[in-house]
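Reproduced below: final.cif, with mmCIF, C-alpha atoms and all ligand atoms.
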```cif
data_start
#
loop_
_atom_site.label_atom_id
_atom_site.label_comp_id
_atom_site.auth_asym_id
_atom_site.auth_seq_id
_atom_site.Cartn_x
_atom_site.Cartn_y
_atom_site.Cartn_z
CA MET A 11 68.95 -27.59 47.19
CA ARG A 12 69.81 -30.97 48.81
CA LEU A 13 67.97 -31.66 52.06
CA ASP A 14 71.19 -32.21 54.09
CA LYS A 15 72.56 -28.87 52.89
CA PHE A 16 69.22 -27.20 53.61
CA LEU A 17 69.28 -28.60 57.18
CA SER A 18 72.75 -27.35 57.99
CA LYS A 19 71.86 -23.91 56.57
CA ALA A 20 68.50 -23.73 58.35
CA THR A 21 69.75 -24.94 61.77
CA GLU A 22 72.89 -24.46 63.88
CA LEU A 23 73.63 -28.19 63.53
CA SER A 24 76.81 -29.61 62.05
CA ARG A 25 76.43 -31.79 58.95
CA LYS A 26 76.98 -34.85 61.16
CA ASP A 27 74.24 -33.86 63.63
CA ALA A 28 71.91 -32.90 60.75
CA LYS A 29 72.38 -36.46 59.43
CA LYS A 30 71.46 -37.86 62.86
CA ILE A 31 68.12 -36.04 63.04
CA LEU A 32 67.40 -37.12 59.48
CA HIS A 33 68.09 -40.78 60.24
CA ALA A 34 66.05 -40.51 63.43
CA GLY A 35 63.00 -39.61 61.26
CA GLU A 36 62.60 -36.13 62.81
CA ILE A 37 62.36 -34.32 59.48
CA THR A 38 59.24 -34.13 57.34
CA VAL A 39 58.94 -32.65 53.86
CA ASN A 40 55.36 -31.80 52.91
CA ASP A 41 54.10 -34.03 55.78
CA GLU A 42 56.18 -37.05 54.73
CA VAL A 43 59.11 -38.32 56.86
CA VAL A 44 62.28 -38.07 54.78
CA LYS A 45 65.55 -39.73 55.83
CA ASP A 46 67.46 -39.31 52.59
CA GLY A 47 69.76 -36.25 52.74
CA SER A 48 70.16 -36.19 48.95
CA ARG A 49 66.43 -35.45 48.47
CA HIS A 50 65.97 -32.19 46.52
CA ILE A 51 64.18 -29.35 48.34
CA ASP A 52 62.40 -26.50 46.60
CA ILE A 53 63.07 -23.77 49.18
CA ALA A 54 60.27 -21.55 47.89
CA ASN A 55 57.50 -24.14 47.96
CA ASP A 56 58.40 -27.23 50.06
CA ASP A 57 57.29 -27.34 53.68
CA VAL A 58 60.18 -28.70 55.78
CA LEU A 59 59.56 -29.35 59.51
CA TRP A 60 61.93 -30.51 62.29
CA ALA A 61 59.92 -32.17 65.05
CA GLY A 62 56.89 -30.23 63.83
CA GLU A 63 58.65 -26.82 63.70
CA PRO A 64 59.02 -25.14 60.27
CA LEU A 65 62.54 -24.62 58.91
CA SER A 66 63.58 -22.09 56.29
CA VAL A 67 66.70 -20.58 54.81
CA ALA A 68 67.09 -16.98 53.73
CA GLU A 69 65.69 -16.98 50.24
CA GLY A 70 67.51 -13.95 48.93
CA SER A 71 65.73 -12.80 45.83
CA ARG A 72 62.03 -13.26 45.06
CA TYR A 73 60.78 -14.68 41.76
CA ILE A 74 57.07 -14.24 41.15
CA LEU A 75 54.53 -15.17 38.49
CA LEU A 76 51.44 -12.93 38.37
CA TYR A 77 48.29 -13.62 36.36
CA LYS A 78 47.82 -10.02 35.24
CA PRO A 79 44.23 -8.87 34.80
CA ASP A 80 43.03 -6.29 32.29
CA GLY A 81 43.23 -2.69 33.54
CA PHE A 82 46.56 -2.81 35.42
CA GLU A 83 49.69 -0.95 34.35
CA CYS A 84 53.18 -2.47 34.25
CA THR A 85 54.88 0.67 35.47
CA LEU A 86 56.13 2.21 38.68
CA ARG A 87 54.69 5.61 37.75
CA PRO A 88 51.01 4.92 37.04
CA LYS A 89 49.01 7.43 35.08
CA ASP A 90 45.43 6.28 34.78
CA HIS A 91 45.26 2.78 36.23
CA PRO A 92 46.25 0.75 39.29
CA ILE A 93 49.66 -0.96 38.99
CA VAL A 94 50.41 -4.68 38.89
CA THR A 95 52.40 -4.63 42.14
CA ASP A 96 49.16 -3.62 43.95
CA LEU A 97 48.17 -7.26 43.41
CA ILE A 98 51.24 -8.76 45.10
CA ALA A 99 51.23 -9.09 48.87
CA VAL A 100 54.92 -9.56 49.72
CA PRO A 101 57.21 -7.38 51.85
CA GLU A 102 59.11 -4.63 50.03
CA VAL A 103 57.01 -5.02 46.92
CA ALA A 104 58.50 -1.77 45.56
CA SER A 105 61.85 -3.51 45.03
CA LEU A 106 60.29 -5.89 42.46
CA ARG A 107 60.91 -5.20 38.77
CA ILE A 108 58.97 -6.56 35.78
CA ALA A 109 60.42 -8.79 33.07
CA GLY A 110 58.67 -8.15 29.75
CA ARG A 111 55.82 -5.69 30.25
CA LEU A 112 52.27 -6.22 29.08
CA ASP A 113 49.93 -3.49 27.86
CA VAL A 114 47.21 -2.25 30.23
CA ASP A 115 44.55 -4.21 28.33
CA THR A 116 46.62 -7.43 27.97
CA THR A 117 46.04 -10.26 30.45
CA GLY A 118 48.28 -13.17 31.41
CA ALA A 119 51.69 -14.29 32.58
CA LEU A 120 53.95 -11.62 34.03
CA LEU A 121 57.26 -12.32 35.77
CA LEU A 122 58.62 -10.09 38.52
CA SER A 123 61.77 -10.30 40.62
CA ASP A 124 64.27 -8.27 42.59
CA ASP A 125 67.16 -10.21 40.99
CA GLY A 126 68.37 -7.84 38.28
CA ALA A 127 70.67 -10.35 36.55
CA TRP A 128 67.84 -12.88 36.30
CA LEU A 129 65.41 -10.28 34.92
CA HIS A 130 68.00 -9.45 32.32
CA ARG A 131 68.30 -13.11 31.30
CA VAL A 132 64.49 -13.44 31.01
CA THR A 133 64.22 -10.48 28.65
CA SER A 134 67.54 -10.84 26.81
CA PRO A 135 66.86 -11.05 23.06
CA LYS A 136 69.79 -13.46 22.80
CA ARG A 137 68.03 -16.12 24.85
CA HIS A 138 64.96 -16.44 22.60
CA GLN A 139 62.57 -17.56 25.35
CA PRO A 140 59.25 -18.53 23.70
CA LYS A 141 56.21 -16.53 24.81
CA ARG A 142 52.78 -17.81 23.79
CA TYR A 143 50.07 -15.24 23.07
CA GLU A 144 46.39 -15.94 22.50
CA ILE A 145 44.79 -13.37 20.25
CA THR A 146 41.22 -12.35 19.45
CA LEU A 147 40.99 -10.39 16.20
CA ALA A 148 38.47 -7.73 15.23
CA ASP A 149 38.11 -8.91 11.62
CA PRO A 150 37.70 -12.52 10.49
CA MET A 151 40.56 -13.92 8.38
CA ASP A 152 39.60 -16.56 5.82
CA GLU A 153 41.81 -19.57 5.00
CA ALA A 154 43.79 -17.75 2.33
CA ALA A 155 44.48 -14.75 4.62
CA GLN A 156 45.49 -17.10 7.43
CA ALA A 157 47.86 -19.07 5.20
CA HIS A 158 49.41 -15.84 3.94
CA ALA A 159 49.91 -14.49 7.48
CA ILE A 160 51.37 -17.79 8.73
CA LYS A 161 53.91 -17.83 5.90
CA GLN A 162 54.89 -14.20 6.41
CA VAL A 163 55.26 -14.58 10.18
CA THR A 164 57.36 -17.74 9.71
CA ASN A 165 59.75 -15.79 7.49
CA GLY A 166 59.70 -12.60 9.60
CA ILE A 167 58.07 -9.28 8.71
CA LEU A 168 59.38 -5.71 8.73
CA LEU A 169 57.19 -3.70 11.08
CA GLU A 170 56.68 0.00 10.55
CA GLY A 171 59.51 2.02 12.09
CA ASP A 172 61.79 -1.02 12.61
CA LEU A 173 65.11 -1.65 10.90
CA GLU A 174 65.10 -5.42 11.33
CA LYS A 175 62.50 -8.03 10.50
CA THR A 176 60.74 -9.87 13.33
CA ARG A 177 62.36 -13.17 14.26
CA PRO A 178 60.68 -16.24 12.73
CA ALA A 179 57.59 -16.96 14.83
CA GLU A 180 54.82 -19.56 14.94
CA LEU A 181 51.29 -18.47 14.10
CA SER A 182 48.24 -20.75 14.09
CA PHE A 183 44.49 -20.19 13.97
CA THR A 184 41.71 -21.96 15.85
CA ASP A 185 39.06 -20.14 13.83
CA GLU A 186 38.72 -16.98 11.75
CA THR A 187 39.14 -14.58 14.68
CA HIS A 188 41.26 -16.57 17.15
CA ALA A 189 44.99 -17.14 16.77
CA THR A 190 48.01 -18.25 18.79
CA LEU A 191 51.37 -16.60 18.24
CA ILE A 192 54.63 -17.86 19.74
CA LEU A 193 57.31 -15.17 19.80
CA THR A 194 60.93 -15.45 20.89
CA GLU A 195 61.50 -11.72 21.21
CA GLY A 196 59.65 -8.76 22.70
CA LYS A 197 59.48 -5.69 20.50
CA TYR A 198 57.28 -2.77 21.57
CA HIS A 199 53.57 -3.71 21.15
CA GLN A 200 54.81 -6.54 18.96
CA VAL A 201 51.67 -8.68 18.71
CA LYS A 202 49.37 -5.74 18.00
CA ARG A 203 51.77 -4.31 15.42
CA MET A 204 52.15 -7.71 13.72
CA MET A 205 48.40 -8.07 13.40
CA ALA A 206 48.14 -4.45 12.18
CA TYR A 207 50.65 -5.42 9.47
CA PHE A 208 47.94 -7.76 8.14
CA GLY A 209 45.35 -4.97 8.32
CA ASN A 210 43.71 -6.39 11.43
CA LYS A 211 43.20 -5.24 15.00
CA VAL A 212 43.73 -7.16 18.25
CA ILE A 213 40.68 -6.81 20.49
CA GLU A 214 41.83 -9.24 23.21
CA LEU A 215 45.37 -10.34 24.04
CA HIS A 216 46.47 -12.91 26.59
CA ARG A 217 50.00 -14.19 27.34
CA ALA A 218 49.51 -17.86 28.22
CA SER A 219 53.13 -18.83 28.93
CA ILE A 220 56.75 -17.73 29.14
CA GLY A 221 59.25 -20.53 28.54
CA SER A 222 57.79 -23.52 30.40
CA ILE A 223 55.98 -21.28 32.93
CA THR A 224 52.20 -21.40 32.57
CA LEU A 225 49.30 -19.91 34.51
CA ASP A 226 47.92 -23.36 35.46
CA GLY A 227 46.35 -23.25 38.92
CA LEU A 228 46.24 -19.44 39.14
CA GLU A 229 43.10 -17.31 38.97
CA MET A 230 43.27 -13.89 37.33
CA GLY A 231 44.85 -11.42 39.80
CA GLU A 232 46.66 -14.18 41.75
CA CYS A 233 50.39 -14.73 41.96
CA ARG A 234 52.79 -17.42 43.17
CA PHE A 235 56.51 -17.88 43.75
CA LEU A 236 58.37 -19.73 41.00
CA SER A 237 59.89 -23.15 41.73
CA GLU A 238 63.65 -23.58 41.60
CA ALA A 239 63.38 -25.40 38.27
CA GLU A 240 61.35 -22.52 36.82
CA ILE A 241 63.91 -19.98 38.03
CA ALA A 242 66.81 -22.05 36.71
CA GLN A 243 65.47 -22.26 33.14
CA PHE A 244 66.54 -18.66 32.50
N1 LIG B 1 52.48 -7.46 22.32
C1 LIG B 1 51.57 -6.46 22.42
O1 LIG B 1 51.20 -5.85 21.44
N2 LIG B 1 51.10 -6.17 23.65
C2 LIG B 1 51.46 -6.82 24.78
O2 LIG B 1 50.96 -6.52 25.88
C3 LIG B 1 52.39 -7.87 24.65
C4 LIG B 1 52.89 -8.17 23.41
#
```

Kindly present the structure from the file in structure tokens form.
Ligand code: URA
Amino acid sequence: MRLDKFLSKATELSRKDAKKILHAGEITVNDEVVKDGSRHIDIANDDVLWAGEPLSVAEGSRYILLYKPDGFECTLRPKDHPIVTDLIAVPEVASLRIAGRLDVDTTGALLLSDDGAWLHRVTSPKRHQPKRYEITLADPMDEAAQAHAIKQVTNGILLEGDLEKTRPAELSFTDETHATLILTEGKYHQVKRMMAYFGNKVIELHRASIGSITLDGLEMGECRFLSEAEIAQF
């Protein structure tokens, strides 16, 4: 949001008076005096002060990235484990919903929001958002097995019980038991079922990114609000 628009929303001032306080150098953004009303403000993360007092506008919906640890369930009706929302300290946490669940034993990037339309866009199969998974396999795959799997995954494979092949995906190996898989869809237990198709078993699974959103800067179990640009990509 533009700074001048932010100021008139966050204060009772008219646009004209908001311009005056800007030009008078009374506004700081992240500790820097800003006089340019066209400056873009990230309402979730930028710190805007007027004469030292914090300003904010009603944010409406919340958009959160959680670094999910192993052992947490992505459900509202937990059976045997704590639930992911136990890790998120925001008001009315129960109104958050999850976009693209992870298994209890999977770690990594999980998006949550109370904006239903946005959640729908994140998970919509039509949007083909790339999700990058890092996989540890139980059984080593030699070069020939790797090349075979890469080719099959590039063309799409028919998983047991499905009527349609998986969408073309990108598989690569760092060694015989470590692979990266980039999927643009989210079928039930997709990564584990794809590796089972090749007679293997996933022993560790980590989702490193969703679209351009990565876990950089987060420790396992921590969360943060998304930036406006991150929200807007979906
Ligand atoms: N695929 C799986 O098999 N499990 C997950 O948690 C995510 C993708």

Checklist outcome for this item: CA of Thr224 in chain A to CA of Tyr73 in chain A measures 14.3 Å

Item to check | Option closest in space to ligand LIG 1 (chain B), from A:Ile213, A:Leu112, A:Ala148, A:Leu65 [counting only C-alpha atoms and all ligand atoms] | outcome: A:Leu112

When you look at Leu147 in chain A with a cut-off of 6 Å (counting only C-alpha atoms), what residues show up, excluding the ones that are within fewer than 2 positions of it in the same chain? I need them as a short mmCIF file (atom, residue, chain, number, x, y, z; two decimals) with C-alpha atoms, in the frame of the given file.
```cif
data_model
loop_
_atom_site.label_atom_id
_atom_site.label_comp_id
_atom_site.auth_asym_id
_atom_site.auth_seq_id
_atom_site.Cartn_x
_atom_site.Cartn_y
_atom_site.Cartn_z
CA ASP A 149 38.11 -8.91 11.62
CA THR A 187 39.14 -14.58 14.68
CA LYS A 211 43.20 -5.24 15.00
CA VAL A 212 43.73 -7.16 18.25
CA ILE A 213 40.68 -6.81 20.49
#
```

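Remark: for Ala242 in chain A, the closest of the candidate residues A:His216, A:Arg131, A:Lys30, A:Lys197 is A:Arg131 (distances computed over all atoms listed in the file).
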
Item to check | Sphere at (62.1, -40.3, 58.5), radius 10 Å, counting all atoms listed in the file: residues as an MDAnalysis selection string | outcome: chainID A and resid 31:39 42:46

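Excluding Glu195 in chain A itself and any same-chain residue fewer than 3 positions from it, the protein and nucleic acid residues within 9 Å of it, counting only C-alpha atoms, are Thr133, Ser134, Pro135, Lys136, Arg137, His138, Gln139, Pro140, Lys141, Thr176, Arg177 and Gln200 of chain A.
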
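Atom pair CA of Lys15 in chain A / CA of Leu236 in chain A has a distance of 20.6 Å (rounded to one decimal).
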
Checklist entry - At what distance in Å, to one decimal, does atom N1 of ligand LIG 1 (chain B) lie from CA of Gly110 in chain A? => result 9.7 Å

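Neighbours of ligand LIG 1 (chain B) at a cut-off of 6 Å, computed so that all atoms listed in the file are counted, are the residues Leu112, Asp113, Thr116, His199, Gln200, Val201 and Lys202 of chain A.
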
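You can rank A:Leu228, A:Tyr143, A:Met151, A:Ala239 by their closest distance to Thr194 in chain A using only C-alpha atoms, and at the top of that list sits A:Tyr143.
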
Next on the checklist: If we count all atoms listed in the file and set the cut-off at 9 Å, which residues sit around Glu229 in chain A, ignoring sequence neighbours fewer than 4 positions away in its own chain? Please answer as a PyMOL selection string.
Outcome noted: chain A and resi 77+225+233

Checklist entry - Do you know which residues are at most 9 Å from Asp56 in chain A counting only C-alpha atoms, after dropping those on the same chain fewer than 3 positions away, and could you put them as a ChimeraX atom specification? => result /A:39-40,51-53

Item to check | All residues 12 Å or closer to Asp152 in chain A, only C-alpha atoms, same chain fewer than 2 positions away omitted, as a count of residues only | outcome: 14

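Among the candidate residues A:Ile145, A:Lys19, A:Met230, A:Gly81, the one lying nearest to Met205 in chain A is A:Ile145, with distances computed using only C-alpha atoms.
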
Item to check | From A:Trp60, A:Ser105, A:Asp41, A:Glu238, residue lying nearest Leu23 in chain A [only C-alpha atoms] | outcome: A:Trp60

Could you rebuild range 194-212 of chain A with N, CA and C atoms and give it back as a PDB file, in the coordinates of the input?
```
ATOM      1  N   THR A 194      59.711 -15.256  20.095  1.00  0.00           N
ATOM      2  CA  THR A 194      60.930 -15.450  20.890  1.00  0.00           C
ATOM      3  C   THR A 194      61.665 -14.122  21.073  1.00  0.00           C
ATOM      4  N   GLU A 195      60.930 -13.051  20.971  1.00  0.00           N
ATOM      5  CA  GLU A 195      61.500 -11.720  21.210  1.00  0.00           C
ATOM      6  C   GLU A 195      60.372 -10.849  21.758  1.00  0.00           C
ATOM      7  N   GLY A 196      60.691  -9.608  22.104  1.00  0.00           N
ATOM      8  CA  GLY A 196      59.650  -8.760  22.700  1.00  0.00           C
ATOM      9  C   GLY A 196      59.786  -7.321  22.257  1.00  0.00           C
ATOM     10  N   LYS A 197      59.460  -7.071  20.989  1.00  0.00           N
ATOM     11  CA  LYS A 197      59.480  -5.690  20.500  1.00  0.00           C
ATOM     12  C   LYS A 197      58.269  -4.946  21.056  1.00  0.00           C
ATOM     13  N   TYR A 198      58.343  -3.626  21.035  1.00  0.00           N
ATOM     14  CA  TYR A 198      57.280  -2.770  21.570  1.00  0.00           C
ATOM     15  C   TYR A 198      55.942  -3.092  20.880  1.00  0.00           C
ATOM     16  N   HIS A 199      54.911  -3.391  21.664  1.00  0.00           N
ATOM     17  CA  HIS A 199      53.570  -3.710  21.150  1.00  0.00           C
ATOM     18  C   HIS A 199      53.642  -4.719  19.994  1.00  0.00           C
ATOM     19  N   GLN A 200      54.499  -5.712  20.130  1.00  0.00           N
ATOM     20  CA  GLN A 200      54.810  -6.540  18.960  1.00  0.00           C
ATOM     21  C   GLN A 200      53.595  -7.266  18.377  1.00  0.00           C
ATOM     22  N   VAL A 201      52.793  -7.881  19.245  1.00  0.00           N
ATOM     23  CA  VAL A 201      51.670  -8.680  18.710  1.00  0.00           C
ATOM     24  C   VAL A 201      50.686  -7.771  17.974  1.00  0.00           C
ATOM     25  N   LYS A 202      50.352  -6.652  18.609  1.00  0.00           N
ATOM     26  CA  LYS A 202      49.370  -5.740  18.000  1.00  0.00           C
ATOM     27  C   LYS A 202      49.900  -5.180  16.676  1.00  0.00           C
ATOM     28  N   ARG A 203      51.204  -4.863  16.662  1.00  0.00           N
ATOM     29  CA  ARG A 203      51.770  -4.310  15.420  1.00  0.00           C
ATOM     30  C   ARG A 203      51.841  -5.388  14.332  1.00  0.00           C
ATOM     31  N   MET A 204      52.091  -6.644  14.730  1.00  0.00           N
ATOM     32  CA  MET A 204      52.150  -7.710  13.720  1.00  0.00           C
ATOM     33  C   MET A 204      50.768  -7.933  13.104  1.00  0.00           C
ATOM     34  N   MET A 205      49.739  -7.871  13.941  1.00  0.00           N
ATOM     35  CA  MET A 205      48.400  -8.070  13.400  1.00  0.00           C
ATOM     36  C   MET A 205      47.979  -6.856  12.560  1.00  0.00           C
ATOM     37  N   ALA A 206      48.433  -5.662  12.956  1.00  0.00           N
ATOM     38  CA  ALA A 206      48.140  -4.450  12.180  1.00  0.00           C
ATOM     39  C   ALA A 206      48.801  -4.557  10.795  1.00  0.00           C
ATOM     40  N   TYR A 207      49.947  -5.218  10.735  1.00  0.00           N
ATOM     41  CA  TYR A 207      50.650  -5.420   9.470  1.00  0.00           C
ATOM     42  C   TYR A 207      49.734  -6.153   8.472  1.00  0.00           C
ATOM     43  N   PHE A 208      48.873  -7.027   9.017  1.00  0.00           N
ATOM     44  CA  PHE A 208      47.940  -7.760   8.140  1.00  0.00           C
ATOM     45  C   PHE A 208      46.589  -7.047   8.041  1.00  0.00           C
ATOM     46  N   GLY A 209      46.563  -5.777   8.447  1.00  0.00           N
ATOM     47  CA  GLY A 209      45.350  -4.970   8.320  1.00  0.00           C
ATOM     48  C   GLY A 209      44.293  -5.314   9.355  1.00  0.00           C
ATOM     49  N   ASN A 210      44.695  -5.989  10.422  1.00  0.00           N
ATOM     50  CA  ASN A 210      43.710  -6.390  11.430  1.00  0.00           C
ATOM     51  C   ASN A 210      43.965  -5.670  12.753  1.00  0.00           C
ATOM     52  N   LYS A 211      43.068  -5.902  13.701  1.00  0.00           N
ATOM     53  CA  LYS A 211      43.200  -5.240  15.000  1.00  0.00           C
ATOM     54  C   LYS A 211      43.012  -6.300  16.097  1.00  0.00           C
ATOM     55  N   VAL A 212      43.861  -6.226  17.115  1.00  0.00           N
ATOM     56  CA  VAL A 212      43.730  -7.160  18.250  1.00  0.00           C
ATOM     57  C   VAL A 212      42.709  -6.575  19.218  1.00  0.00           C
TER      58      VAL A 212
END
```
